[in-house]
>>> print(open('final-v2.cif').read())   # mmCIF, C-alpha atoms
data_input
#
loop_
_atom_site.label_atom_id
_atom_site.label_comp_id
_atom_site.auth_asym_id
_atom_site.auth_seq_id
_atom_site.Cartn_x
_atom_site.Cartn_y
_atom_site.Cartn_z
CA MET A 19 -28.73 12.53 -1.54
CA GLU A 20 -27.02 15.40 0.24
CA PHE A 21 -26.68 13.30 3.34
CA ALA A 22 -25.18 10.37 1.40
CA ALA A 23 -22.60 12.62 -0.21
CA ALA A 24 -21.66 14.14 3.15
CA GLN A 25 -21.32 10.69 4.65
CA TRP A 26 -19.20 9.54 1.69
CA ILE A 27 -16.83 12.44 2.32
CA ALA A 28 -16.75 11.89 6.08
CA GLU A 29 -15.84 8.20 5.99
CA PRO A 30 -12.73 7.41 3.95
CA GLY A 31 -13.12 3.94 2.51
CA LEU A 32 -11.56 1.87 -0.21
CA ASN A 33 -12.60 4.27 -2.99
CA HIS A 34 -10.90 7.26 -1.37
CA PHE A 35 -7.54 5.53 -1.30
CA LEU A 36 -8.02 4.24 -4.84
CA ILE A 37 -8.75 7.77 -6.06
CA VAL A 38 -5.60 9.09 -4.38
CA GLY A 39 -3.70 6.29 -6.12
CA ALA A 40 -5.26 7.15 -9.49
CA LEU A 41 -4.36 10.84 -9.18
CA LEU A 42 -0.80 9.95 -8.16
CA PHE A 43 -0.59 7.63 -11.17
CA SER A 44 -1.71 10.35 -13.56
CA LEU A 45 0.83 12.80 -12.12
CA GLY A 46 3.57 10.20 -12.59
CA LEU A 47 2.40 9.57 -16.16
CA MET A 48 2.55 13.33 -16.77
CA ALA A 49 6.17 13.43 -15.56
CA VAL A 50 7.14 10.43 -17.69
CA LEU A 51 5.54 11.82 -20.84
CA SER A 52 6.42 15.49 -20.67
CA LYS A 53 9.96 15.72 -19.27
CA LYS A 54 13.16 15.83 -21.29
CA ASN A 55 15.44 15.02 -18.37
CA VAL A 56 16.04 11.30 -17.78
CA ILE A 57 16.13 11.73 -14.00
CA MET A 58 12.71 13.41 -14.01
CA VAL A 59 11.35 10.49 -16.03
CA LEU A 60 12.75 8.08 -13.41
CA MET A 61 11.09 10.09 -10.63
CA GLY A 62 7.80 9.79 -12.52
CA VAL A 63 8.27 6.01 -12.63
CA GLU A 64 8.75 6.00 -8.85
CA LEU A 65 5.48 7.91 -8.43
CA ILE A 66 3.68 5.35 -10.58
CA LEU A 67 5.09 2.45 -8.52
CA ASN A 68 4.00 4.20 -5.31
CA SER A 69 0.46 4.68 -6.61
CA ALA A 70 0.26 0.96 -7.43
CA ASN A 71 1.48 0.19 -3.91
CA ILE A 72 -1.20 2.39 -2.34
CA ASN A 73 -3.80 0.41 -4.28
CA PHE A 74 -2.40 -2.95 -3.16
CA ILE A 75 -2.32 -1.96 0.49
CA ALA A 76 -5.78 -0.37 0.35
CA PHE A 77 -7.12 -3.65 -1.03
CA SER A 78 -5.33 -5.56 1.70
CA ARG A 79 -7.00 -3.35 4.33
CA PHE A 80 -10.54 -3.44 2.95
CA THR A 81 -10.91 -6.80 1.17
CA GLU A 82 -10.01 -10.46 1.54
CA LEU A 83 -6.50 -9.89 0.18
CA SER A 84 -5.27 -9.22 3.76
CA LEU A 85 -1.51 -9.66 4.27
CA GLU A 86 -0.81 -10.87 0.73
CA GLY A 87 -1.22 -7.24 -0.38
CA HIS A 88 1.53 -6.15 1.99
CA MET A 89 3.70 -8.91 0.53
CA ILE A 90 3.19 -7.71 -3.05
CA GLY A 91 3.92 -4.15 -1.93
CA LEU A 92 7.14 -5.27 -0.26
CA PHE A 93 8.35 -6.96 -3.44
CA VAL A 94 7.42 -3.88 -5.48
CA VAL A 95 9.57 -1.72 -3.17
CA ILE A 96 12.52 -4.14 -3.46
CA ILE A 97 12.32 -4.26 -7.25
CA ALA A 98 11.96 -0.46 -7.41
CA ALA A 99 15.19 -0.12 -5.43
CA ALA A 100 17.05 -2.45 -7.81
CA GLU A 101 15.59 -0.62 -10.82
CA ALA A 102 16.61 2.81 -9.52
CA ALA A 103 20.20 1.69 -8.83
CA VAL A 104 20.69 0.16 -12.28
CA ALA A 105 18.87 2.98 -14.08
CA LEU A 106 21.02 5.64 -12.45
CA ALA A 107 24.19 3.73 -13.33
CA ILE A 108 22.97 3.67 -16.94
CA VAL A 109 22.20 7.41 -16.79
CA LEU A 110 25.72 8.18 -15.52
CA ASN A 111 27.24 6.07 -18.29
CA MET A 112 25.03 7.83 -20.82
CA TYR A 113 26.07 11.26 -19.53
CA ASN A 114 29.72 10.22 -19.81
CA ARG A 115 29.25 9.17 -23.41
CA PHE A 116 26.86 11.76 -24.83
CA LYS A 117 27.51 14.67 -22.40
CA THR A 118 23.77 15.21 -22.10
CA ILE A 119 20.84 13.60 -20.33
CA HIS A 120 18.13 15.06 -22.53
CA LEU A 121 16.13 12.28 -24.13
CA ASN A 122 15.76 14.14 -27.44
CA ASP A 123 19.49 14.26 -28.02
CA ILE A 124 20.11 10.55 -27.49
CA PHE A 125 19.08 8.54 -30.51
CA SER A 126 22.02 6.34 -31.49
CA LEU A 127 22.05 2.80 -30.18
CA LYS A 128 25.64 2.03 -31.11
CA GLY A 129 28.01 4.84 -30.31
CA MET B 10 -15.71 14.19 11.62
CA GLU B 11 -13.27 11.68 13.02
CA PHE B 12 -9.61 12.37 13.63
CA THR B 13 -8.44 9.66 11.18
CA THR B 14 -10.61 11.23 8.47
CA LEU B 15 -8.88 14.55 8.96
CA LEU B 16 -5.50 12.80 8.89
CA PHE B 17 -6.44 11.00 5.68
CA TYR B 18 -7.36 14.23 3.91
CA LEU B 19 -4.29 16.04 5.28
CA PHE B 20 -1.88 13.37 4.06
CA SER B 21 -3.62 12.93 0.69
CA VAL B 22 -3.34 16.67 0.10
CA VAL B 23 0.33 16.61 1.15
CA THR B 24 1.07 13.65 -1.14
CA LEU B 25 -0.78 14.94 -4.19
CA GLY B 26 0.40 18.54 -3.71
CA ALA B 27 4.02 17.49 -3.39
CA ALA B 28 3.68 15.23 -6.44
CA ALA B 29 2.19 18.13 -8.41
CA VAL B 30 5.07 20.40 -7.33
CA MET B 31 7.48 17.65 -8.41
CA VAL B 32 5.94 17.39 -11.85
CA PHE B 33 5.46 21.10 -12.56
CA SER B 34 8.59 22.54 -10.96
CA LYS B 35 11.20 23.96 -13.32
CA ASN B 36 14.13 23.23 -11.00
CA ILE B 37 15.13 19.58 -10.77
CA VAL B 38 16.48 19.91 -7.21
CA HIS B 39 13.13 21.31 -6.09
CA SER B 40 11.52 18.33 -7.83
CA ALA B 41 13.69 15.90 -5.86
CA PHE B 42 12.75 17.50 -2.54
CA ALA B 43 9.06 17.60 -3.49
CA LEU B 44 9.36 13.88 -4.29
CA MET B 45 10.62 13.38 -0.72
CA PHE B 46 7.46 14.96 0.72
CA ALA B 47 5.28 12.89 -1.63
CA LEU B 48 6.99 9.68 -0.46
CA ILE B 49 6.60 10.64 3.21
CA GLY B 50 2.91 11.32 2.57
CA VAL B 51 2.54 7.88 0.99
CA ALA B 52 4.18 6.35 4.08
CA ALA B 53 1.63 8.16 6.27
CA LEU B 54 -1.19 6.77 4.11
CA TYR B 55 0.28 3.28 4.69
CA VAL B 56 0.06 3.91 8.45
CA LEU B 57 -3.61 4.87 8.05
CA LEU B 58 -4.09 1.51 6.27
CA TYR B 59 -2.62 -0.41 9.25
CA ALA B 60 0.54 -1.28 7.27
CA ASP B 61 3.17 -0.22 9.80
CA PHE B 62 5.97 -2.39 8.43
CA MET B 63 5.33 -1.17 4.89
CA ALA B 64 5.45 2.43 6.13
CA ALA B 65 8.81 1.85 7.82
CA THR B 66 10.14 0.14 4.69
CA GLN B 67 8.90 3.02 2.55
CA LEU B 68 10.71 5.55 4.73
CA LEU B 69 13.95 3.54 4.87
CA VAL B 70 14.16 2.43 1.24
CA TYR B 71 12.62 5.37 -0.63
CA VAL B 72 13.39 8.43 1.48
CA GLY B 73 16.66 7.07 2.83
CA GLY B 74 17.94 5.29 -0.26
CA ILE B 75 16.39 5.97 -3.63
CA LEU B 76 15.99 9.71 -3.07
CA ILE B 77 19.67 10.11 -2.12
CA LEU B 78 20.53 8.16 -5.28
CA PHE B 79 18.42 10.60 -7.32
CA LEU B 80 20.13 13.60 -5.73
CA PHE B 81 23.53 12.09 -6.57
CA GLY B 82 22.32 11.56 -10.13
CA VAL B 83 21.21 15.20 -10.37
CA MET B 84 24.53 16.48 -9.02
CA LEU B 85 26.68 14.23 -11.20
CA THR B 86 24.86 15.02 -14.44
CA SER B 87 24.39 18.80 -14.13
CA GLN B 88 25.85 20.39 -17.23
CA GLY B 89 28.81 22.69 -16.99
CA THR B 90 29.86 24.62 -13.93
CA THR B 91 26.82 26.88 -13.88
CA LEU B 92 24.24 25.85 -11.29
CA ASP B 93 21.65 25.31 -13.95
CA PHE B 94 19.21 22.62 -12.89
CA LYS B 95 16.44 23.55 -15.29
CA THR B 96 14.24 20.86 -16.74
CA VAL B 97 12.63 21.33 -20.11
CA THR B 98 9.04 20.33 -20.67
CA VAL B 99 8.16 18.93 -24.07
CA ASN B 100 4.87 18.05 -25.77
CA ILE B 101 2.87 19.29 -22.80
CA VAL B 102 -0.55 19.20 -24.50
CA PRO B 103 -0.65 15.48 -25.45
CA ALA B 104 0.89 14.56 -22.09
CA THR B 105 -1.74 16.56 -20.19
CA LEU B 106 -4.56 15.09 -22.25
CA LEU B 107 -3.31 11.52 -21.78
CA SER B 108 -2.80 11.80 -18.04
CA LEU B 109 -6.14 13.54 -17.56
CA ALA B 110 -7.83 10.78 -19.56
CA ALA B 111 -6.05 8.15 -17.45
CA ALA B 112 -7.12 9.83 -14.19
CA ILE B 113 -10.76 10.25 -15.26
CA LEU B 114 -11.05 6.70 -16.62
CA LEU B 115 -9.46 5.17 -13.51
CA ILE B 116 -11.68 7.15 -11.12
CA LEU B 117 -14.83 6.29 -13.09
CA VAL B 118 -13.91 2.61 -13.06
CA PHE B 119 -13.15 2.68 -9.34
CA LEU B 120 -16.41 4.42 -8.50
CA GLN B 121 -18.61 2.20 -10.66
CA THR B 122 -17.20 -1.13 -9.52
CA GLU B 123 -18.95 -2.89 -6.67
CA TRP B 124 -16.02 -3.96 -4.52
CA VAL B 125 -16.56 -6.93 -2.22
CA ILE B 126 -15.62 -5.14 0.97
CA SER B 127 -14.96 -7.19 4.06
CA GLU B 128 -13.82 -5.17 7.03
CA GLN B 129 -10.56 -6.71 8.17
CA PRO B 130 -9.72 -6.75 11.88
CA GLN B 131 -7.08 -4.23 12.85
CA ALA B 132 -3.76 -6.04 12.43
CA THR B 133 -1.68 -6.04 15.57
CA ASP B 134 1.26 -8.31 14.76
CA THR B 135 1.98 -7.36 11.16
CA VAL B 136 5.73 -7.84 11.33
CA ARG B 137 5.47 -11.34 12.82
CA ASP B 138 2.84 -12.44 10.30
CA LEU B 139 4.83 -11.01 7.40
CA GLY B 140 7.91 -12.88 8.61
CA MET B 141 5.97 -16.13 8.85
CA LEU B 142 4.63 -15.60 5.31
CA LEU B 143 8.10 -14.76 3.96
CA MET B 144 9.60 -17.90 5.44
CA GLY B 145 6.61 -20.04 4.47
CA ASP B 146 4.49 -19.49 1.37
CA TYR B 147 6.74 -16.81 -0.11
CA ILE B 148 10.15 -18.44 0.33
CA LEU B 149 10.75 -18.82 -3.42
CA PRO B 150 9.99 -15.18 -4.36
CA PHE B 151 11.99 -14.07 -1.31
CA ILE B 152 15.12 -15.92 -2.47
CA SER B 153 14.60 -14.88 -6.10
CA VAL B 154 14.37 -11.23 -5.05
CA GLY B 155 17.62 -11.66 -3.12
CA VAL B 156 19.31 -12.99 -6.26
CA LEU B 157 17.80 -10.09 -8.24
CA LEU B 158 19.27 -7.56 -5.80
CA LEU B 159 22.67 -9.26 -6.07
CA ILE B 160 22.50 -9.07 -9.87
CA ALA B 161 21.49 -5.40 -9.68
CA ILE B 162 24.42 -4.58 -7.37
CA ILE B 163 26.91 -6.41 -9.59
CA GLY B 164 25.49 -4.76 -12.71
CA ALA B 165 25.64 -1.25 -11.22
CA ILE B 166 29.23 -1.78 -9.99
CA LEU B 167 30.30 -3.21 -13.35
CA MET B 168 28.85 -0.27 -15.27
CA SER B 169 30.36 2.39 -13.04
CA THR B 170 33.84 0.77 -12.91
CA ARG B 171 33.96 0.42 -16.68
CA LEU B 172 33.15 4.13 -16.77
CA THR B 173 36.19 5.10 -14.71
CA GLU B 174 38.47 2.65 -16.57
CA LYS B 175 37.65 4.35 -19.85
CA GLN B 176 38.29 7.75 -18.31
CA THR B 177 41.73 6.82 -16.99
CA GLY B 178 42.54 4.81 -20.13
CA GLY B 179 41.83 7.88 -22.30
CA ASN B 180 44.29 9.99 -20.38
#
>>> encode(input="final-v2.cif", output="structure tokens")
Amino acid sequence: MEFAAAQWIAEPGLNHFLIVGALLFSLGLMAVLSKKNVIMVLMGVELILNSANINFIAFSRFTELSLEGHMIGLFVVIIAAAEAAVALAIVLNMYNRFKTIHLNDIFSLKG
Amino acid sequence: MEFTTLLFYLFSVVTLGAAAVMVFSKNIVHSAFALMFALIGVAALYVLLYADFMAATQLLVYVGGILILFLFGVMLTSQGTTLDFKTVTVNIVPATLLSLAAAILLILVFLQTEWVISEQPQATDTVRDLGMLLMGDYILPFISVGVLLLIAIIGAILMSTRLTEKQTGGN
């Protein structure tokens, strides 16, 4: 039993990368849920997207997914870039209108 | 213990530690720089997974592009003239409980599933193969993503120009 555990630690496999991805996901979720600043929430979303990408590429290294996983990861990165650009434009507009970027203070849809 | 094993643990600790600093830091500029180290650590993990092109893309797009965008966002939306970049943390207890539950559930599921592992040969020509795939099986998503980027650029420009118009129109 001891030997198996030591071997599991010494040889990083699929599960190790998946666990890193899961921890990164939970940290991103924490940032999304607990921050008042819109930009911090967006950073949390980026962390979540990165954790999903780690999972895809780990599967492409260790299973039959092979290069298709890289492909999905590439598209995730492209869409994350588009999302960040549009979201930050929205945040700047919002700051111009409400003079704040705290999520609690922004509750009117039609200003 | 092999060298790659050590590298794996080093870069996982860098990634997760920087992400934790990002989440728990009070200063939003510190958070942005911690996010940079987390993204670089993720790129290093990609290299360990034989995904060299993905690692280069990660460095160029995230560290070179999105992070600069975030820093601009932080600078342009800081309130007043005081250098006050504090972030406020709200409902910390439910958020901690939910993210802990998510982490524990995900790790349990990952450990209990029997993955069908087939050791892939070490990829040597990733960029060439990715290019062949992009121009072959993935030509439709490739073009759609190009249109999506165009729409995103036009949308961002439209929103920011309307912003300045209103400012000058008010004066």
>>> closest_residue(input="final-v2.cif", among="A:Ser126, A:Asn73, A:Asn111, A:Gln25", to="B:Arg171", atoms="all atoms listed in the file")
A:Asn111
>>> closest_residue(input="final-v2.cif", among="B:Ile49, B:Val70, B:Val83, B:Val56", to="A:Ile119", atoms="only C-alpha atoms")
B:Val83
>>> resolve_selection(input="final-v2.cif", expression="the PyMOL selection byres ((chain A and resi 110) around 8)", output="PDB file with C-alpha atoms, in the frame of the given file")
ATOM      1  CA  LEU A 106      21.020   5.640 -12.450  1.00  0.00           C
ATOM      2  CA  ALA A 107      24.190   3.730 -13.330  1.00  0.00           C
ATOM      3  CA  ILE A 108      22.970   3.670 -16.940  1.00  0.00           C
ATOM      4  CA  VAL A 109      22.200   7.410 -16.790  1.00  0.00           C
ATOM      5  CA  ASN A 111      27.240   6.070 -18.290  1.00  0.00           C
ATOM      6  CA  MET A 112      25.030   7.830 -20.820  1.00  0.00           C
ATOM      7  CA  TYR A 113      26.070  11.260 -19.530  1.00  0.00           C
ATOM      8  CA  ASN A 114      29.720  10.220 -19.810  1.00  0.00           C
TER       9      ASN A 114
ATOM     10  CA  GLY B  82      22.320  11.560 -10.130  1.00  0.00           C
ATOM     11  CA  LEU B  85      26.680  14.230 -11.200  1.00  0.00           C
ATOM     12  CA  THR B  86      24.860  15.020 -14.440  1.00  0.00           C
ATOM     13  CA  SER B 169      30.360   2.390 -13.040  1.00  0.00           C
TER      14      SER B 169
END
>>> closest_residue(input="final-v2.cif", among="B:Leu15, B:Leu117, B:Ile101, B:Met144", to="chain A", atoms="all atoms listed in the file")
B:Ile101
>>> interface_residues(input="final-v2.cif", of="chain B", to="chain A", cutoff="7 Å", atoms="all atoms listed in the file", output="PyMOL selection string")
chain B and resi 10+14+21+25+28-29+32+58+63+75+82+86+96-101+104-105+108-109+111-112+115-116+119-120+125-129+158+161+164-165+168-169+172
>>> residues_around(input="final-v2.cif", residues="B:Leu80", least_positions_apart="6", cutoff="9 Å", atoms="only C-alpha atoms", output="PyMOL selection string")
chain B and resi 38+41-42
>>> closest_residue(input="final-v2.cif", among="B:Ile162, B:Ala43, B:Phe33, B:Leu57", to="B:Phe12", atoms="only C-alpha atoms")
B:Leu57
>>> atom_distance(input="final-v2.cif", atom1="atom CA of B:Thr24", atom2="atom CA of B:Pro130")
26.5 Å
>>> atom_distance(input="final-v2.cif", atom1="atom CA of B:Ala64", atom2="atom CA of B:Leu48")
9.9 Å
